[in-house]
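Note: the block below is upload.txt and it holds compact mmCIF, C-alpha atoms and all ligand atoms.
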```
# COMPACT_ATOMS: atom_id res chain seq x y z
CA MET A 1 0.00 0.00 0.00
CA ALA A 2 1.24 3.49 -0.81
CA TYR A 3 0.56 6.41 1.54
CA ALA A 4 -1.19 9.27 -0.26
CA ALA A 5 0.70 12.47 0.54
CA THR A 6 0.80 16.02 -0.78
CA LEU A 7 4.25 17.23 -1.82
CA ILE A 8 4.89 20.99 -1.85
CA PRO A 9 8.43 21.73 -3.11
CA GLY A 10 8.06 25.43 -2.20
CA ASP A 11 10.30 28.42 -2.95
CA GLY A 12 14.05 29.12 -3.07
CA ILE A 13 16.02 26.02 -2.03
CA GLY A 14 12.71 24.16 -1.51
CA PRO A 15 12.68 22.16 -4.76
CA GLU A 16 16.34 21.14 -4.25
CA VAL A 17 15.95 19.86 -0.67
CA THR A 18 12.57 18.28 -1.46
CA ALA A 19 14.00 16.21 -4.33
CA ALA A 20 16.80 14.93 -2.07
CA THR A 21 14.31 14.09 0.69
CA VAL A 22 11.99 12.17 -1.63
CA SER A 23 14.95 10.07 -2.80
CA VAL A 24 15.85 9.25 0.83
CA LEU A 25 12.24 8.34 1.65
CA GLU A 26 12.06 6.13 -1.44
CA ALA A 27 15.20 4.32 -0.28
CA THR A 28 13.33 3.11 2.83
CA GLY A 29 10.97 1.06 0.66
CA VAL A 30 7.92 2.74 2.20
CA ALA A 31 5.77 3.72 -0.77
CA PHE A 32 4.23 7.17 -1.17
CA ASP A 33 1.70 8.27 -3.75
CA TRP A 34 2.86 11.91 -4.04
CA ASP A 35 0.46 14.58 -5.21
CA GLU A 36 2.75 17.50 -6.11
CA GLN A 37 1.20 20.93 -5.51
CA GLN A 38 2.31 24.56 -5.44
CA ALA A 39 2.37 27.17 -2.66
CA GLY A 40 4.34 30.32 -1.85
CA VAL A 41 5.74 33.09 -4.03
CA GLY A 42 6.21 30.71 -6.97
CA ALA A 43 2.52 29.74 -6.81
CA TYR A 44 1.56 33.42 -6.48
CA GLU A 45 3.51 34.35 -9.59
CA ALA A 46 2.13 31.39 -11.55
CA THR A 47 -1.51 31.45 -10.44
CA GLY A 48 -2.13 34.75 -8.62
CA ASP A 49 -2.72 32.81 -5.40
CA ALA A 50 0.03 31.96 -2.91
CA LEU A 51 -2.08 29.10 -1.56
CA PRO A 52 -4.04 27.75 -4.54
CA GLU A 53 -7.31 25.93 -3.88
CA ALA A 54 -5.92 22.79 -5.53
CA THR A 55 -3.18 22.63 -2.87
CA VAL A 56 -5.66 22.92 -0.01
CA ALA A 57 -7.96 20.37 -1.68
CA SER A 58 -5.06 17.94 -2.02
CA ILE A 59 -4.24 18.13 1.71
CA GLU A 60 -7.96 17.87 2.52
CA ARG A 61 -7.83 14.54 0.72
CA THR A 62 -4.45 13.16 1.83
CA ARG A 63 -4.36 14.68 5.39
CA LEU A 64 -0.58 14.38 5.05
CA ALA A 65 1.95 16.78 3.52
CA LEU A 66 5.70 17.20 3.11
CA LYS A 67 6.50 20.82 2.47
CA GLY A 68 9.59 22.75 1.45
CA PRO A 69 10.09 26.31 2.76
CA LEU A 70 7.92 29.12 1.41
CA THR A 71 8.97 32.75 0.96
CA THR A 72 6.82 35.26 2.85
CA PRO A 73 7.10 38.94 1.89
CA VAL A 74 8.15 40.87 5.03
CA GLY A 75 5.77 43.50 6.43
CA THR A 76 3.52 43.70 3.37
CA GLY A 77 1.91 41.35 0.82
CA PHE A 78 0.11 38.08 1.52
CA ARG A 79 -0.13 36.51 4.96
CA SER A 80 2.30 33.70 5.75
CA ILE A 81 1.14 30.56 3.95
CA ASN A 82 2.74 28.45 6.65
CA VAL A 83 0.56 30.11 9.29
CA ARG A 84 -2.54 29.80 7.06
CA LEU A 85 -1.92 26.10 6.45
CA ARG A 86 -1.36 25.34 10.15
CA GLN A 87 -4.51 27.24 11.06
CA HIS A 88 -6.68 25.84 8.24
CA PHE A 89 -5.79 22.25 9.12
CA ASP A 90 -5.71 23.08 12.83
CA CYS A 91 -2.25 21.58 13.25
CA TYR A 92 -1.93 22.78 16.80
CA ALA A 93 1.22 20.94 17.87
CA ASN A 94 4.54 21.92 16.35
CA VAL A 95 7.13 19.33 17.30
CA ARG A 96 10.81 20.13 16.82
CA PRO A 97 13.47 17.64 17.95
CA CYS A 98 17.09 18.88 18.11
CA GLU A 99 19.69 16.12 18.22
CA THR A 100 23.43 16.51 17.67
CA LEU A 101 24.81 14.81 14.57
CA PRO A 102 28.59 14.18 14.27
CA ASN A 103 30.78 16.95 12.78
CA THR A 104 28.13 19.66 12.97
CA HIS A 105 30.41 21.87 15.10
CA GLY A 106 27.65 22.97 17.45
CA PRO A 107 28.84 24.41 20.76
CA PHE A 108 27.88 21.19 22.63
CA GLU A 109 28.10 17.43 22.20
CA GLY A 110 25.15 15.11 22.70
CA VAL A 111 22.29 17.62 22.69
CA ASP A 112 18.95 15.80 22.54
CA LEU A 113 16.05 18.19 23.09
CA LEU A 114 12.41 18.07 22.08
CA LEU A 115 10.28 21.19 21.76
CA TYR A 116 6.46 21.31 21.63
CA ARG A 117 5.23 24.67 20.43
CA GLU A 118 1.56 25.71 20.39
CA ASN A 119 0.94 26.50 16.75
CA THR A 120 -2.41 28.22 16.31
CA GLU A 121 -2.84 31.02 18.84
CA GLY A 122 -0.85 33.58 20.83
CA LEU A 123 0.79 36.51 19.06
CA TYR A 124 0.99 34.69 15.72
CA ALA A 125 -2.76 34.13 15.40
CA GLY A 126 -2.86 37.16 13.13
CA ILE A 127 -5.34 39.22 15.20
CA GLU A 128 -3.90 42.65 14.45
CA TYR A 129 -5.22 46.21 14.29
CA PHE A 130 -3.70 49.37 12.90
CA ASP A 131 -5.00 52.80 13.90
CA GLU A 132 -3.80 54.86 10.95
CA ARG A 133 -4.75 58.23 12.46
CA ASN A 134 -2.86 57.77 15.73
CA GLN A 135 -0.22 55.42 14.26
CA ILE A 136 -0.85 52.71 16.85
CA ALA A 137 -0.43 49.01 16.00
CA ASP A 138 -1.87 46.18 18.12
CA SER A 139 -1.19 42.44 17.90
CA ILE A 140 -3.40 40.38 20.21
CA ASN A 141 -1.78 37.62 22.28
CA ARG A 142 -4.85 35.41 22.61
CA ILE A 143 -4.37 32.24 24.69
CA THR A 144 -7.35 29.93 25.26
CA ARG A 145 -7.92 27.17 27.79
CA THR A 146 -8.85 24.75 24.99
CA GLY A 147 -5.72 25.59 23.00
CA SER A 148 -3.47 25.36 26.03
CA GLU A 149 -4.94 22.09 27.25
CA ARG A 150 -4.52 20.30 23.94
CA ILE A 151 -0.87 21.30 23.34
CA ILE A 152 0.17 20.58 26.94
CA ARG A 153 -1.63 17.24 26.93
CA TYR A 154 -0.10 16.37 23.55
CA ALA A 155 3.36 17.23 24.93
CA PHE A 156 2.88 14.99 27.98
CA GLU A 157 1.50 12.10 25.92
CA ASP A 158 4.22 12.30 23.26
CA ALA A 159 7.03 12.82 25.78
CA LYS A 160 5.81 9.78 27.71
CA ARG A 161 5.60 7.67 24.53
CA ARG A 162 9.17 8.64 23.60
CA GLY A 163 10.44 7.78 27.09
CA ARG A 164 11.28 11.39 28.00
CA LYS A 165 11.73 11.91 31.71
CA ARG A 166 11.04 15.60 32.12
CA LEU A 167 8.81 18.30 30.61
CA THR A 168 9.60 21.99 31.20
CA LEU A 169 6.85 24.56 30.53
CA VAL A 170 8.19 27.91 29.31
CA HIS A 171 6.23 31.14 29.93
CA LYS A 172 6.37 34.80 30.95
CA ALA A 173 3.74 34.61 33.68
CA ASN A 174 5.55 37.19 35.84
CA ILE A 175 4.65 39.91 33.28
CA LEU A 176 1.90 38.44 31.07
CA LYS A 177 -0.14 37.42 34.10
CA GLU A 178 -3.34 36.61 32.18
CA SER A 179 -2.16 34.87 29.00
CA SER A 180 1.08 33.23 30.13
CA GLY A 181 -0.38 32.90 33.64
CA MET A 182 -3.26 30.75 32.42
CA PHE A 183 -0.94 28.61 30.27
CA LEU A 184 1.22 27.90 33.35
CA ARG A 185 -1.80 27.16 35.59
CA ILE A 186 -3.16 24.68 33.04
CA GLY A 187 0.25 23.03 32.78
CA ARG A 188 0.32 22.49 36.54
CA GLU A 189 -3.22 21.04 36.47
CA ILE A 190 -2.43 18.57 33.67
CA ALA A 191 0.91 17.55 35.20
CA ALA A 192 -1.04 15.84 37.99
CA ASP A 193 -2.23 13.26 35.41
CA TYR A 194 1.36 12.35 34.45
CA PRO A 195 3.25 11.37 37.61
CA ASP A 196 5.90 9.53 35.52
CA VAL A 197 7.05 12.70 33.76
CA GLU A 198 8.81 15.23 35.97
CA PHE A 199 7.27 18.66 35.42
CA ASP A 200 8.75 22.10 36.02
CA ASP A 201 8.66 25.57 34.48
CA ARG A 202 11.00 28.37 33.41
CA ILE A 203 10.54 32.01 32.45
CA ILE A 204 11.38 32.47 28.76
CA ASP A 205 14.35 34.82 29.14
CA ASN A 206 15.95 32.58 31.76
CA MET A 207 15.25 29.55 29.56
CA ALA A 208 17.03 31.14 26.59
CA MET A 209 20.11 31.65 28.77
CA GLN A 210 19.91 28.19 30.37
CA LEU A 211 19.74 26.48 26.98
CA VAL A 212 22.92 28.13 25.69
CA ILE A 213 24.81 27.33 28.91
CA ARG A 214 23.60 23.86 29.92
CA PRO A 215 21.28 22.27 27.34
CA ASP A 216 22.01 18.81 28.75
CA GLU A 217 19.93 19.67 31.84
CA TYR A 218 16.77 19.84 29.73
CA ASP A 219 14.76 17.14 28.03
CA ALA A 220 11.35 18.13 26.59
CA ILE A 221 9.92 21.66 26.52
CA VAL A 222 6.35 22.91 25.95
CA THR A 223 5.54 26.55 25.26
CA THR A 224 3.31 29.06 23.50
CA ASN A 225 3.61 30.07 19.86
CA MET A 226 6.12 32.94 19.71
CA PHE A 227 8.34 31.72 22.55
CA GLY A 228 8.45 28.35 20.79
CA ASP A 229 9.33 29.91 17.45
CA ILE A 230 12.32 31.73 18.94
CA LEU A 231 13.48 28.89 21.20
CA SER A 232 13.34 26.35 18.38
CA ASP A 233 15.75 28.40 16.25
CA LEU A 234 18.00 28.84 19.29
CA MET A 235 17.92 25.06 19.77
CA SER A 236 18.79 24.54 16.09
CA GLY A 237 21.86 26.67 16.75
CA LEU A 238 22.89 24.25 19.50
CA VAL A 239 23.04 21.35 17.02
CA GLY A 240 24.59 22.94 13.92
CA GLY A 241 22.05 25.38 12.51
CA LEU A 242 18.82 25.61 10.58
CA GLY A 243 19.99 23.19 7.91
CA VAL A 244 19.75 20.16 10.22
CA THR A 245 16.49 20.47 12.18
CA GLY A 246 13.15 18.94 11.16
CA SER A 247 9.66 19.89 12.20
CA ALA A 248 6.17 18.40 12.37
CA ASN A 249 2.83 20.18 12.60
CA ILE A 250 0.30 17.76 14.03
CA GLY A 251 -3.47 18.08 14.27
CA GLU A 252 -6.25 15.66 15.21
CA ASP A 253 -6.25 13.88 11.83
CA CYS A 254 -3.80 15.82 9.67
CA ALA A 255 -0.06 16.40 9.74
CA LEU A 256 2.29 18.70 7.82
CA PHE A 257 6.04 18.06 7.87
CA GLU A 258 8.51 20.82 7.00
CA ALA A 259 12.04 22.07 7.55
CA VAL A 260 12.64 24.71 10.24
CA HIS A 261 14.66 26.91 7.86
CA GLY A 262 13.31 29.31 5.26
CA SER A 263 13.75 29.46 1.50
CA ALA A 264 17.38 30.73 1.76
CA PRO A 265 17.26 33.03 -1.28
CA ASP A 266 21.01 33.72 -0.87
CA ILE A 267 21.92 30.16 -1.92
CA ALA A 268 18.84 29.12 -3.95
CA GLY A 269 19.46 27.48 -7.32
CA GLN A 270 23.11 26.70 -6.58
CA GLY A 271 22.57 23.06 -5.59
CA ILE A 272 24.46 23.55 -2.29
CA ALA A 273 21.63 23.63 0.30
CA ASN A 274 21.72 21.10 3.09
CA PRO A 275 18.63 18.85 2.79
CA THR A 276 19.07 17.31 6.28
CA ALA A 277 16.29 19.38 7.89
CA LEU A 278 13.66 18.16 5.44
CA VAL A 279 15.09 14.62 5.55
CA ARG A 280 14.60 14.73 9.35
CA SER A 281 11.04 15.96 8.77
CA GLY A 282 10.58 12.94 6.49
CA GLU A 283 11.90 10.76 9.33
CA MET A 284 9.24 12.31 11.61
CA MET A 285 6.59 11.66 8.96
CA LEU A 286 7.52 7.96 8.92
CA ARG A 287 7.24 7.79 12.71
CA TYR A 288 3.85 9.52 12.54
CA LEU A 289 2.75 6.78 10.10
CA GLY A 290 4.01 4.07 12.43
CA GLU A 291 6.88 3.16 10.04
CA ASP A 292 9.38 3.13 12.91
CA ALA A 293 11.95 0.81 11.29
CA ALA A 294 12.17 3.04 8.21
CA ALA A 295 12.42 6.17 10.38
CA GLU A 296 15.17 4.60 12.47
CA ALA A 297 17.06 3.66 9.27
CA ILE A 298 17.09 7.32 8.21
CA ARG A 299 18.27 8.41 11.66
CA GLN A 300 21.07 5.84 11.60
CA ALA A 301 22.02 6.69 7.99
CA LEU A 302 22.34 10.38 8.87
CA HIS A 303 24.59 9.58 11.83
CA ASP A 304 26.74 7.37 9.57
CA VAL A 305 27.03 9.89 6.73
CA TYR A 306 27.77 12.75 9.14
CA SER A 307 30.65 10.74 10.62
CA ASP A 308 32.68 11.56 7.49
CA PRO A 309 32.97 15.38 7.35
CA SER A 310 34.08 15.37 3.71
CA THR A 311 30.66 14.13 2.61
CA LEU A 312 28.74 17.08 4.09
CA THR A 313 27.33 20.21 2.42
CA SER A 314 29.15 23.58 2.51
CA ASP A 315 27.19 25.00 5.48
CA LEU A 316 28.96 22.31 7.53
CA GLY A 317 32.37 22.68 5.91
CA GLY A 318 32.07 19.99 3.22
CA ASP A 319 31.73 20.41 -0.52
CA ALA A 320 28.94 17.94 -1.35
CA SER A 321 26.08 19.14 -3.51
CA THR A 322 22.50 18.77 -2.26
CA SER A 323 21.83 15.84 -4.59
CA ALA A 324 25.15 14.07 -3.89
CA PHE A 325 24.50 14.32 -0.16
CA GLY A 326 20.94 13.02 -0.64
CA ASP A 327 22.26 10.10 -2.70
CA ARG A 328 24.76 9.17 0.03
CA VAL A 329 22.07 9.16 2.70
CA ALA A 330 19.73 7.13 0.45
CA ASP A 331 22.52 4.58 -0.24
CA ARG A 332 23.21 4.33 3.49
CA VAL A 333 19.48 3.84 4.23
CA ARG A 334 19.42 0.89 1.81
CA ALA A 335 22.54 -0.54 3.49
CA VAL A 336 21.10 -0.17 7.00
CA LEU A 337 17.74 -1.78 6.21
P1 LIG B 401 16.42 31.24 6.00
O1 LIG B 401 16.24 30.07 6.90
O2 LIG B 401 15.88 31.11 4.64
O3 LIG B 401 18.00 31.57 5.87
C1 LIG B 401 18.82 31.96 6.98
C2 LIG B 401 20.28 31.58 6.67
O4 LIG B 401 20.43 30.16 6.82
C3 LIG B 401 20.72 31.92 5.25
O5 LIG B 401 22.06 32.34 5.26
C4 LIG B 401 20.60 30.60 4.52
O6 LIG B 401 21.48 30.46 3.42
C5 LIG B 401 20.90 29.58 5.61
N1 LIG B 401 20.17 28.33 5.39
C6 LIG B 401 18.84 28.10 5.60
N2 LIG B 401 18.52 26.87 5.26
C7 LIG B 401 19.65 26.25 4.84
C8 LIG B 401 19.95 24.95 4.34
N3 LIG B 401 19.00 24.01 4.24
N4 LIG B 401 21.22 24.69 3.98
C9 LIG B 401 22.18 25.62 4.09
N5 LIG B 401 21.96 26.86 4.57
C10 LIG B 401 20.71 27.19 4.93
O7 LIG B 401 15.79 32.50 6.75
P2 LIG B 401 15.46 33.96 6.19
O8 LIG B 401 16.56 34.42 5.27
O9 LIG B 401 15.13 34.75 7.38
O10 LIG B 401 14.12 33.78 5.36
C11 LIG B 401 14.07 33.67 3.92
C12 LIG B 401 12.60 33.47 3.52
O11 LIG B 401 12.12 32.22 4.02
C13 LIG B 401 11.65 34.53 4.05
O12 LIG B 401 10.73 34.86 3.03
C14 LIG B 401 10.95 33.86 5.21
O13 LIG B 401 9.66 34.37 5.43
C15 LIG B 401 10.88 32.43 4.72
N6 LIG B 401 10.77 31.42 5.82
C16 LIG B 401 10.00 30.34 5.56
C17 LIG B 401 9.89 29.33 6.50
C18 LIG B 401 9.04 28.14 6.17
O14 LIG B 401 8.54 28.03 5.07
N7 LIG B 401 8.84 27.21 7.09
C19 LIG B 401 10.60 29.41 7.71
C20 LIG B 401 11.42 30.52 7.93
C21 LIG B 401 11.50 31.53 6.97
```

Kindly present the structure from the file in structure tokens form.
Amino acid sequence: MAYAATLIPGDGIGPEVTAATVSVLEATGVAFDWDEQQAGVGAYEATGDALPEATVASIERTRLALKGPLTTPVGTGFRSINVRLRQHFDCYANVRPCETLPNTHGPFEGVDLLLYRENTEGLYAGIEYFDERNQIADSINRITRTGSERIIRYAFEDAKRRGRKRLTLVHKANILKESSGMFLRIGREIAADYPDVEFDDRIIDNMAMQLVIRPDEYDAIVTTNMFGDILSDLMSGLVGGLGVTGSANIGEDCALFEAVHGSAPDIAGQGIANPTALVRSGEMMLRYLGEDAAAEAIRQALHDVYSDPSTLTSDLGGDASTSAFGDRVADRVRAVL
């Protein structure tokens, strides 16, 4: 049986890293029936719509998508397609693991962190007002009990399933007493249902400092939308940068898998982008589908390929092209399985 899945190559380096990722996924032997669709600036230029109806209809049907990065015009233009997709499909849990691979020259060895970020509300919900006359701009930080309960419960359930020992809730309840305060209160309530997972909390600014000093003291982290966005990039920096971190957006019956990095216009079209982030997202997609052996083969293959620094892409000091690197990982996957 082949899994029906929507494939969105995206903008900039997207098509390059997507092609490499598809070849690695194919090497696992798990079959996908890809429905390739457009989104982003490329789709806007081609169709006048940055998120064409056909793309949404495809995901409505498959409930599963692998997506390259999309360019979002800054400040003006259309709203982020990534945010629209996550909201439309109500993918409320953004899961971002950060694990050290060999030769990535991060500041630490052996980092193994897991971040759960609420994905649909808070400051990124897009509730904004602009008072032209008085030149006042408002962005509403709306946190709901329902939204908080489902992300915190998801984090506990998933952390428990993955054998994680500790979950740290990150907030700013000392200042944002209502929004962050409620998120923290709900975390404490739900923690009572999970006696096997140690629960504690940290204020966001302290957490940012703690993670760059002693990341090994932390295990799994759950937080609201904007704090999670910033912390997840910080965590990518602990393990070698944006080119190596995958990401999953999970809803009740739909999941979108994407790289953490953007469309990298500075290196697009040169065939030098590192596809590891999207490959890791593909690994997460396999785990989501219950294809654990295939997912583990990709994880092992990445560790093996990264052990030889000469086979890496230029962001990590090697000189491999995107496709050559993808081919090496795919070959290694076949050897591991
Ligand atoms: P970016 O992640 O595209 O690039 C930041 C830096 O990291 C650049 O120097 C880039 O060359 C490098 N980089 C990123 N991915 C890499 C990879 N796979 N291999 C090697 N180097 C890599 O961030 P940006 O420049 O702030 O954003 C560019 C565009 O991407 C913007 O339009 C932004 O809105 C969009 N963006 C999209 C997503 C997404 O689709 N999920 C995420 C972030 C940014």

Worksheet item: For Arg153 in chain A, which residue among A:Gly318, A:Gly14, A:Gly187, A:Gly271 is the nearest when counting all atoms listed in the file?
Response: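 Among A:Gly318, A:Gly14, A:Gly187, A:Gly271, it is A:Gly187 that comes nearest to Arg153 in chain A.
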
Discussion item. When you look at Gly269 in chain A with a cut-off of 8 Å (counting only C-alpha atoms), what residues show up, excluding the ones that are within fewer than 6 positions of it in the same chain? I need them as a ChimeraX atom specification.
Written reply: /A:12-13,16

Fill in: Residues within 12 Å of Ser58 in chain A, only C-alpha atoms, excluding chain neighbours under 6 positions, as a PyMOL selection string
chain A and resi 4-8+33-39+51-52+64-66+89+254

Practice prompt. Give the residue list for ligand LIG 401 (chain B) at 10 Å, counting only C-alpha atoms and all ligand atoms, as number ranges by chain, sorted by chain and then by residue number.
Written response: A: 10-14, 16-17, 39-41, 67-75, 80-83, 229, 233, 241-245, 247, 257-268, 271-278, 313-316, 322

Item to complete: Kindly indicate which residue among A:Ala20, A:Ile190, A:Ala295, A:Met209 lies nearest to Met235 in chain A, using all atoms listed in the file for the distances.
Response: A:Met209

Tell me, counting only C-alpha atoms, for each residue of range 139-229 of chain A within 12 Å of range 126-129 of chain A, which pair of atoms is nearest and how far apart they are in Å to one decimal, in rows ordered by chain and increasing number, as a Markdown table.
```
| residue | atom | partner | partner_atom | distance |
| --- | --- | --- | --- | --- |
| A:Ser139 | CA | A:Glu128 | CA | 4.4 |
| A:Ile140 | CA | A:Ile127 | CA | 5.5 |
| A:Asn141 | CA | A:Ile127 | CA | 8.1 |
| A:Arg142 | CA | A:Ile127 | CA | 8.3 |
| A:Ile143 | CA | A:Ile127 | CA | 11.8 |
| A:Asn225 | CA | A:Gly126 | CA | 11.7 |
| A:Met226 | CA | A:Gly126 | CA | 11.9 |
```

Worksheet entry | Atomic distance CA of Glu291 in chain A - CA of Leu25 in chain A, expressed in Å with one decimal |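 Straight-line distance from CA of Glu291 in chain A to CA of Leu25 in chain A works out to 11.2 Å.
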
Worksheet item: What separation in Å, quoted to one decimal, exists between CA of Val239 in chain A and CA of Glu109 in chain A?
Response: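 CA of Glu109 in chain A lies at a distance of 8.2 Å from CA of Val239 in chain A.
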
Discussion item. When you count all atoms listed in the file, which of these residues is closest to Ile250 in chain A: A:Val170, A:Leu238, A:Met284, A:Ile186?
Written reply: A:Met284

Practice prompt. Please identify all polymer residues within 7 Å of Phe325 in chain A, counting all atoms listed in the file, omitting same-chain residues fewer than 4 positions from it, and present them as a PyMOL selection string.
Written response: chain A and resi 311-312+320-321+329

Item to complete: Work out how far CA of Leu115 in chain A is from CA of Leu231 in chain A, in Å to one decimal.
Response: 8.4 Å

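Distance check against Ser307 in chain A using all atoms listed in the file: of A:Glu149, A:Met207, A:Leu85, A:Thr100, the minimum falls on A:Thr100.
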
Discussion item. Calculated over all atoms listed in the file, which of the candidates A:Ala2, A:Leu114, A:Ala137, A:Ala50 has the smallest distance to Gly29 in chain A?
Written reply: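 The closest residue to Gly29 in chain A is A:Ala2.
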